[in-house]
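Notes follow the structure.
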Amino acid sequence: MTTLAMAPARRGSTERIKRLREISEQECQPILSMERAVLLTEAYKMWEGKYPTPVLRGKVFKYIMENRTLFLERGSLIVGEKGHRPWAAPTFPELCCHSLQDFENMDKREKVFFRVSDEDRRIQEEVIIPYWQERAMMTRMNRLLPDEWHKLFNAGLFTEFLMQRGPGHTVADGKMYKYGYLDFIDQIEAQIAQLDYNNDLEALSKRDELEGMKLVCEGMIIFGERYAALARELAAGETDPEWRQELLELAEVCDVVPAHKPETFRQAIQMYWFTHIGITVEMNNWDAYSPGKLDQHLEPFYEKEIAAGTLTREQAREYLENLWIQFNNQPAPPKVGITLKESGTYTDFCNINTGSLRPDGTSGVSDVSYLILEVMDEMKLLQPSSNVQISRKSPEHFLKEAVKISRKGWGQPAFYNSEALMQELINMGKSIDDARESGIASGCVETGVAGKEAFVLTGYLNVPKVMELVLNRGYDSYTEQQVALDLGDPSEFKTYEEFYDAVYKQLKYIVDVKVAGNNLIEKMYMEYMPVPLLSVMTDDCIRSGKDYNAGGARYNSSYIQCVGIATITDSFAAIKKQVFENQTITMDQLLKAMKDDFEGHDEIYDLVYNRTPKYGNDDDYADDILKQVADSLQSAIAGRRTPKGSKTIVEFLPTTCHVYFGQVMEASPNGRHAGIPLPDGISPERGADRNGPTAVIKSASKLDQLKTGGALLNQKFTPSVVAGDRGLSHMASLIRSYFAMDGHHIQFNVISRETLLKAQQFPEQYPNLIVRVAGYSDYFHNLEKALQDEIIFRTEQSFGDY
């Protein structure tokens, strides 16, 4: 039985969907699927060294799609799995070649486990490890990255996504609904025909890239053809006339897509899903290739068929619910070590945008938007993550319908500010037309241009630990090593400004090491790991003859996600107020209290925790420090050039890394105890926000979020606070008010602390309890205790009139 739910409700608009959901949640256990790794290895053994790398990658993908197992669940209207069956996760040994101990850990983990068979272990030991152990990207990185990088990484100053996952944090646009893969082949061949070998010194490299793109298109076409043949084969032996007819209809769908452009609502959904599966089988991208503005992509098909009488609203809803189940059947590929701590979840971070602005700037809300809201509410699945975009032009009815779902307390949808997203893209250098066409959020809260941008997440930065290293003269107590700069005895700083400058100098050093490592890693992906299918789906890779991982996209961005800005803000406030201004304590006294985790230092703890201004209360003393820290992060990080032409961008999101970062830290000057999780995103430190939600959004809005690539804000309410028409209006007004102040994103947990405490103590009584973690939702019982505690003790807000 899967860990996801022990007795899920029979949700779905039809008996078919209810049954498919039961299979997904009750009959499927998370397991490893070794098939992709085996086929990958067979292909590399045949062709490595015989073809240029882009052609090799294309041939490998085509070989996998020609030979992989096809799974077709009885009754399903949408087909395609990443593994050989639902909840079977493939491995990607070219990125991370797992050890046998890794396999043992995956199998024995209490949370986010993957069952590993004896045959899986044998294959890994005898086939995969001998070939991939020295070739894997993670192995190459560990050899290449310098000692100073490893010291900071091991100390928990930053993480690195691309050790176990590839670049690809991006979103689909509408091209797959206008063209089939045969059309993409025509475009590729036309580009090959135009190559000028006399005057273009990169022509040969471009040809190799384009040949790789052509091969993956052929692989996608074969994938669809094989499903059409399988459906007809099953139909020939089927005794149930209804299922036989559905199999024949499925075959007809697969005759059209992905080879040709879709013509119907169902074909459009299947076209996206085939592409989603193809891209996530090609490489373990960091997020699962989100569909972007799904309501707008599907709207023309929906309206055409509704008008023609070939589709009913109920049928459209059933197709969408089936798609939701297909998403839920695809767990994120297995992670180990620090990468698991970054995002310890089965969720693969596919984010569906609903209600976005249209390219002409008008509201994009349609009946399909409301259908998606209904499906989201009915299915209540972890995947896909769902958000709504709210603009000044969004109908109030749409906002309130979304809020009604949010206040049911399972963490979806999240709310995004359409105008802020567009302005952020323009500030990053995107054209206004591309910003209007896109303006989407991917994964957690990241902003990017759909179908035209490689926006790559490079890892998290532990911002408050930078200060900790200054206070410890560069020595890290977690690894018991000197890992950073010794900037002198902290008790010798004469002014707050002198202390702040030292922290900034340490920040600059750490960011320099991180970015240098990013550049080495990026160069390795450019050389060894092209992704020709993702390149086909991203403008302008075909036109430029360059791979997605090598700068072929129209726009290229590299994000560093900053974690714990509230902690460092409040810590600066405590030192500034109590050490330098009021001189109520000395730096040495504060450091001694921190070393003792404030045990026996009640007066000092009271000073820094209760009698110092805190971020999240609309207090300019603390909020001005927040702005200063944010400006320093921008100065240290933003705008750096990378080998493929990217620019680095600051972002504020944690996934689950705020727990890990807190675990590797001592106590902080603001009264945070050692080992306690950091706050998520730009949310205030837990217990620090004492003046209500309006004060929180006023504080958060003082950070210039339009300079960022995303900023996550969590808020928590008890159900009674948001009940009834008054509670609905309060939540809707809070969202509108925050977005009027250029807030990027806000999301809600609507649940009482008492309920969460009971669920922690008696998990068997709350098998279906879903909570908002960071940019995603998860089953409460799937979270490690430290993360459960962090959610339990988030401030419970009220609107002041209850």
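In the structure tokens, the first chain shown is A, the next is B, and so on; residue numbers restart at 1 for each chain, and ligands run from 1 in the order shown.
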(request) Would you mind listing what lies within 8 Å of segment 9-24 of chain A as a PyMOL selection string, with only C-alpha atoms counted and same-chain residues fewer than 3 positions away left out? (result) chain A and resi 27-28+75-76+86-87+317-318+321-322+325+328-329+378-379
(request) For segment 165-167 of chain A, list every protein, DNA or RNA residue within 9 Å, evaluated using only C-alpha atoms, and leave out those in the same chain fewer than 5 positions away; present the list as a PyMOL selection string. (result) chain A and resi 92+95-96+283-287+333+335+339+454-458+522+525+529+548-549
Distance query Ala441 of chain A at most 12 Å, only C-alpha atoms, self and fewer than 5 positions along chain excluded, as a PDB file with C-alpha atoms, in the first residue's frame:
ATOM      1  CA  HIS A 169      12.982  24.162 -14.906  1.00  0.00           C
ATOM      2  CA  THR A 170      10.723  25.470 -17.609  1.00  0.00           C
ATOM      3  CA  VAL A 171       7.195  25.621 -18.944  1.00  0.00           C
ATOM      4  CA  ALA A 172       5.399  24.720 -22.139  1.00  0.00           C
ATOM      5  CA  ASP A 287      10.497  20.042 -12.261  1.00  0.00           C
ATOM      6  CA  TYR A 289       7.733  20.371 -17.484  1.00  0.00           C
ATOM      7  CA  SER A 290       4.675  22.364 -16.484  1.00  0.00           C
ATOM      8  CA  PRO A 291       1.924  22.987 -19.068  1.00  0.00           C
ATOM      9  CA  GLY A 292       1.779  26.707 -18.353  1.00  0.00           C
ATOM     10  CA  LYS A 293      -1.524  28.386 -19.206  1.00  0.00           C
ATOM     11  CA  PHE A 349       6.675  20.296  -9.040  1.00  0.00           C
ATOM     12  CA  CYS A 350       4.508  20.528 -12.105  1.00  0.00           C
ATOM     13  CA  ASN A 351       2.555  23.765 -11.730  1.00  0.00           C
ATOM     14  CA  ILE A 352      -0.615  24.578 -13.662  1.00  0.00           C
ATOM     15  CA  ASN A 353      -1.372  28.272 -14.194  1.00  0.00           C
ATOM     16  CA  THR A 354      -5.053  29.198 -14.378  1.00  0.00           C
ATOM     17  CA  SER A 356      -3.532  34.287 -16.456  1.00  0.00           C
ATOM     18  CA  SER A 385       0.369  21.790  -8.095  1.00  0.00           C
ATOM     19  CA  SER A 386      -2.275  24.310  -9.029  1.00  0.00           C
ATOM     20  CA  ASN A 387      -2.233  28.055  -8.916  1.00  0.00           C
ATOM     21  CA  VAL A 388      -4.463  30.883  -9.987  1.00  0.00           C
ATOM     22  CA  GLN A 389      -3.214  34.156 -11.325  1.00  0.00           C
ATOM     23  CA  ALA A 414      -1.649  29.240  -4.551  1.00  0.00           C
ATOM     24  CA  PHE A 415      -2.239  32.831  -5.670  1.00  0.00           C
ATOM     25  CA  TYR A 416       0.027  34.796  -8.036  1.00  0.00           C
ATOM     26  CA  ASN A 417       0.023  38.407  -9.113  1.00  0.00           C
ATOM     27  CA  SER A 418      -0.211  38.586 -12.919  1.00  0.00           C
ATOM     28  CA  ALA A 420       3.952  41.485 -10.890  1.00  0.00           C
ATOM     29  CA  LEU A 421       4.972  38.426 -12.896  1.00  0.00           C
ATOM     30  CA  MET A 422       4.913  40.394 -16.128  1.00  0.00           C
ATOM     31  CA  GLU A 424       9.481  40.929 -13.229  1.00  0.00           C
ATOM     32  CA  LEU A 425       9.999  39.430 -16.682  1.00  0.00           C
ATOM     33  CA  ALA A 435       6.128  38.769 -21.004  1.00  0.00           C
ATOM     34  CA  GLU A 446       9.537  30.926 -10.179  1.00  0.00           C
ATOM     35  CA  THR A 447       8.811  33.320 -13.023  1.00  0.00           C
ATOM     36  CA  GLY A 448       9.696  32.610 -16.637  1.00  0.00           C
ATOM     37  CA  VAL A 449       8.758  32.928 -20.280  1.00  0.00           C
ATOM     38  CA  ALA A 450       6.827  29.866 -21.422  1.00  0.00           C
ATOM     39  CA  PHE A 455      15.279  29.272 -16.190  1.00  0.00           C
ATOM     40  CA  GLY A 709      12.362  35.870  -9.933  1.00  0.00           C
ATOM     41  CA  GLY A 710       9.855  34.929  -7.263  1.00  0.00           C
ATOM     42  CA  ALA A 711       9.129  35.348  -3.561  1.00  0.00           C
ATOM     43  CA  LEU A 712       7.046  32.862  -1.575  1.00  0.00           C
ATOM     44  CA  HIS A 744       4.444  38.208  -6.072  1.00  0.00           C
ATOM     45  CA  HIS A 745       2.719  35.255  -4.408  1.00  0.00           C
ATOM     46  CA  GLY A 775       5.575  26.028  -3.067  1.00  0.00           C
TER      47      GLY A 775
END
(request) May I have all residues of segment 456-540 of chain A that DSSP, computed from the backbone, assigns to alpha helix (DSSP H), given as a ChimeraX atom specification? (result) /A:463-471,496-528,532-536
(request) Could you please determine the separation between atom CA of Pro262 of chain A and atom CA of Leu323 of chain A in Å, to one decimal place? (result)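 Spanning atom CA of Pro262 of chain A to atom CA of Leu323 of chain A is a straight-line distance of 16.1 Å.
For the set A:Ser391, A:Gln326, A:Thr264, A:Thr159, the residue with the smallest atom-to-atom gap to Ala308 of chain A is A:Thr264, counting only C-alpha atoms.
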(message) Restricting the calculation to only C-alpha atoms: of A:Arg794, A:Lys404, A:Arg358, A:Arg554, which residue gets closest to Leu373 of chain A?
(response)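 Smallest separation from Leu373 of chain A among the options: A:Lys404.
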(request) From the DSSP assignment of the backbone, select every residue of segment 172-355 of chain A that is strand (DSSP E), and format the answer as a list in words. (result) Gly292, Lys293, Asn351, Ile352, Asn353 and Thr354 of chain A
(request) Return the single residue from A:Val253, A:Cys444, A:Met741, A:Leu311 that is closest to Pro384 of chain A, with distances computed using only C-alpha atoms. (result)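 The answer is A:Cys444, which sits nearest to Pro384 of chain A.
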(message) Can you pull out the residues contacting Trp410 of chain A? Cut-off 8 Å, using only C-alpha atoms, and skip same-chain residues under 6 positions away; I want them as a VMD selection string.
(response) chain A and resid 380 749 to 750 769 to 772 777
(message) Neighbouring residues of Glu160 of chain A were defined as those with any atom within 10 Å, considering only C-alpha atoms; residues of the same chain fewer than 6 positions away were excluded. Please report them as a ChimeraX atom specification.
(response) /A:153,338-339,342,457-461,514,517-518,521,560
(request) One decimal, Å: what's the distance from atom CA of Ser632 of chain A over to atom CA of Gly564 of chain A, could you say? (result) 14.1 Å
(request) Extract, using only C-alpha atoms, all DNA, RNA and protein residues at most 12 Å from Lys494 of chain A, discarding same-chain residues fewer than 5 positions from it, and format them as a PyMOL selection string. (result) chain A and resi 488-489+499-502+576+579-581+583+586-587
(message) Please determine, counting only C-alpha atoms, which residue among A:Ala674, A:Val503, A:Ile372, A:Ile542 has the shortest atom-to-atom distance to Gln194 of chain A.
(response) A:Ile542
Could you pull the residues within 9 Å of segment 275-278 of chain A, counting only C-alpha atoms, minus those fewer than 3 positions along the same chain, as a PDB file with N, CA and C atoms, in the first residue's frame?
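Listed below is the output, selection-v4.pdb:
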ATOM      1  N   PHE A  61      17.615   8.487 -26.854  1.00  0.00           N
ATOM      2  CA  PHE A  61      16.198   8.722 -26.557  1.00  0.00           C
ATOM      3  C   PHE A  61      15.310   7.902 -27.487  1.00  0.00           C
ATOM      4  N   MET A  65      12.488   5.009 -26.466  1.00  0.00           N
ATOM      5  CA  MET A  65      11.072   5.064 -26.835  1.00  0.00           C
ATOM      6  C   MET A  65      10.660   3.903 -27.727  1.00  0.00           C
ATOM      7  N   GLY A  80       0.417   7.051 -20.869  1.00  0.00           N
ATOM      8  CA  GLY A  80       1.808   7.445 -20.806  1.00  0.00           C
ATOM      9  C   GLY A  80       2.318   7.480 -19.382  1.00  0.00           C
ATOM     10  N   GLU A  81       3.424   6.779 -19.124  1.00  0.00           N
ATOM     11  CA  GLU A  81       4.052   6.743 -17.806  1.00  0.00           C
ATOM     12  C   GLU A  81       5.553   6.974 -17.969  1.00  0.00           C
ATOM     13  N   LYS A  82       6.183   7.505 -16.924  1.00  0.00           N
ATOM     14  CA  LYS A  82       7.637   7.653 -16.960  1.00  0.00           C
ATOM     15  C   LYS A  82       8.330   6.308 -16.774  1.00  0.00           C
ATOM     16  N   MET A 176       2.896  23.107 -29.137  1.00  0.00           N
ATOM     17  CA  MET A 176       2.521  21.712 -29.357  1.00  0.00           C
ATOM     18  C   MET A 176       1.052  21.556 -29.736  1.00  0.00           C
ATOM     19  N   VAL A 216      14.957  12.782 -31.756  1.00  0.00           N
ATOM     20  CA  VAL A 216      14.003  12.703 -30.645  1.00  0.00           C
ATOM     21  C   VAL A 216      12.578  12.885 -31.146  1.00  0.00           C
ATOM     22  N   GLY A 219      11.542   9.637 -32.221  1.00  0.00           N
ATOM     23  CA  GLY A 219      11.239   8.809 -31.061  1.00  0.00           C
ATOM     24  C   GLY A 219       9.866   9.097 -30.499  1.00  0.00           C
ATOM     25  N   MET A 220       9.472  10.364 -30.459  1.00  0.00           N
ATOM     26  CA  MET A 220       8.138  10.720 -29.972  1.00  0.00           C
ATOM     27  C   MET A 220       7.051  10.160 -30.881  1.00  0.00           C
ATOM     28  N   PHE A 223       6.669   6.551 -30.213  1.00  0.00           N
ATOM     29  CA  PHE A 223       5.971   6.365 -28.939  1.00  0.00           C
ATOM     30  C   PHE A 223       4.454   6.358 -29.152  1.00  0.00           C
ATOM     31  N   PRO A 258       1.365  12.033 -31.097  1.00  0.00           N
ATOM     32  CA  PRO A 258       2.022  13.338 -31.256  1.00  0.00           C
ATOM     33  C   PRO A 258       2.535  13.642 -32.664  1.00  0.00           C
ATOM     34  N   GLN A 270      -3.800  14.784 -24.622  1.00  0.00           N
ATOM     35  CA  GLN A 270      -2.869  13.685 -24.848  1.00  0.00           C
ATOM     36  C   GLN A 270      -1.562  14.180 -25.464  1.00  0.00           C
ATOM     37  N   MET A 271      -1.648  15.195 -26.309  1.00  0.00           N
ATOM     38  CA  MET A 271      -0.433  15.762 -26.912  1.00  0.00           C
ATOM     39  C   MET A 271       0.473  16.333 -25.822  1.00  0.00           C
ATOM     40  N   TYR A 272      -0.109  17.109 -24.919  1.00  0.00           N
ATOM     41  CA  TYR A 272       0.707  17.628 -23.824  1.00  0.00           C
ATOM     42  C   TYR A 272       1.293  16.481 -23.010  1.00  0.00           C
ATOM     43  N   VAL A 281      11.387  11.787 -19.412  1.00  0.00           N
ATOM     44  CA  VAL A 281      12.156  10.558 -19.620  1.00  0.00           C
ATOM     45  C   VAL A 281      13.515  10.896 -20.212  1.00  0.00           C
ATOM     46  N   GLU A 282      13.571  11.908 -21.059  1.00  0.00           N
ATOM     47  CA  GLU A 282      14.844  12.323 -21.646  1.00  0.00           C
ATOM     48  C   GLU A 282      15.857  12.665 -20.556  1.00  0.00           C
ATOM     49  N   MET A 283      15.420  13.411 -19.545  1.00  0.00           N
ATOM     50  CA  MET A 283      16.302  13.767 -18.436  1.00  0.00           C
ATOM     51  C   MET A 283      15.462  14.067 -17.206  1.00  0.00           C
ATOM     52  N   ALA A 288       8.726  19.039 -13.494  1.00  0.00           N
ATOM     53  CA  ALA A 288       8.181  18.087 -14.449  1.00  0.00           C
ATOM     54  C   ALA A 288       7.533  18.744 -15.658  1.00  0.00           C
ATOM     55  N   TYR A 289       8.178  19.747 -16.244  1.00  0.00           N
ATOM     56  CA  TYR A 289       7.733  20.371 -17.484  1.00  0.00           C
ATOM     57  C   TYR A 289       6.265  20.779 -17.409  1.00  0.00           C
ATOM     58  N   SER A 290       6.035  21.876 -16.732  1.00  0.00           N
ATOM     59  CA  SER A 290       4.675  22.364 -16.484  1.00  0.00           C
ATOM     60  C   SER A 290       3.986  22.769 -17.785  1.00  0.00           C
ATOM     61  N   PRO A 291       2.651  22.632 -17.845  1.00  0.00           N
ATOM     62  CA  PRO A 291       1.924  22.987 -19.068  1.00  0.00           C
ATOM     63  C   PRO A 291       1.677  24.467 -19.235  1.00  0.00           C
ATOM     64  N   LEU A 533      15.119  16.979 -27.044  1.00  0.00           N
ATOM     65  CA  LEU A 533      13.664  17.094 -27.050  1.00  0.00           C
ATOM     66  C   LEU A 533      13.217  18.392 -26.380  1.00  0.00           C
ATOM     67  N   LEU A 534      13.772  18.703 -25.227  1.00  0.00           N
ATOM     68  CA  LEU A 534      13.445  19.969 -24.585  1.00  0.00           C
ATOM     69  C   LEU A 534      13.847  21.140 -25.480  1.00  0.00           C
ATOM     70  N   MET A 537      11.206  21.904 -28.054  1.00  0.00           N
ATOM     71  CA  MET A 537      10.035  22.560 -27.482  1.00  0.00           C
ATOM     72  C   MET A 537      10.338  23.956 -26.947  1.00  0.00           C
TER      73      MET A 537
END
(message) From the options A:Asp102, A:Glu651, A:Asp367, A:Glu263, which residue's atoms come nearest to Val336 of chain A, counting only C-alpha atoms?
(response)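 The shortest atom-to-atom distance to Val336 of chain A comes from A:Asp102.
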(message) One decimal, in Å: what's the spacing between atom CA of Lys546 of chain A and atom CA of Arg36 of chain A?
(response)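 Separating atom CA of Lys546 of chain A from atom CA of Arg36 of chain A is a distance of 25.7 Å.
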(message) Could you check the closest approach to Phe793 of chain A for each of A:Glu764, A:Glu314, A:Glu754, A:Asp547 and tell me which residue wins, using only C-alpha atoms?
(response) A:Glu754
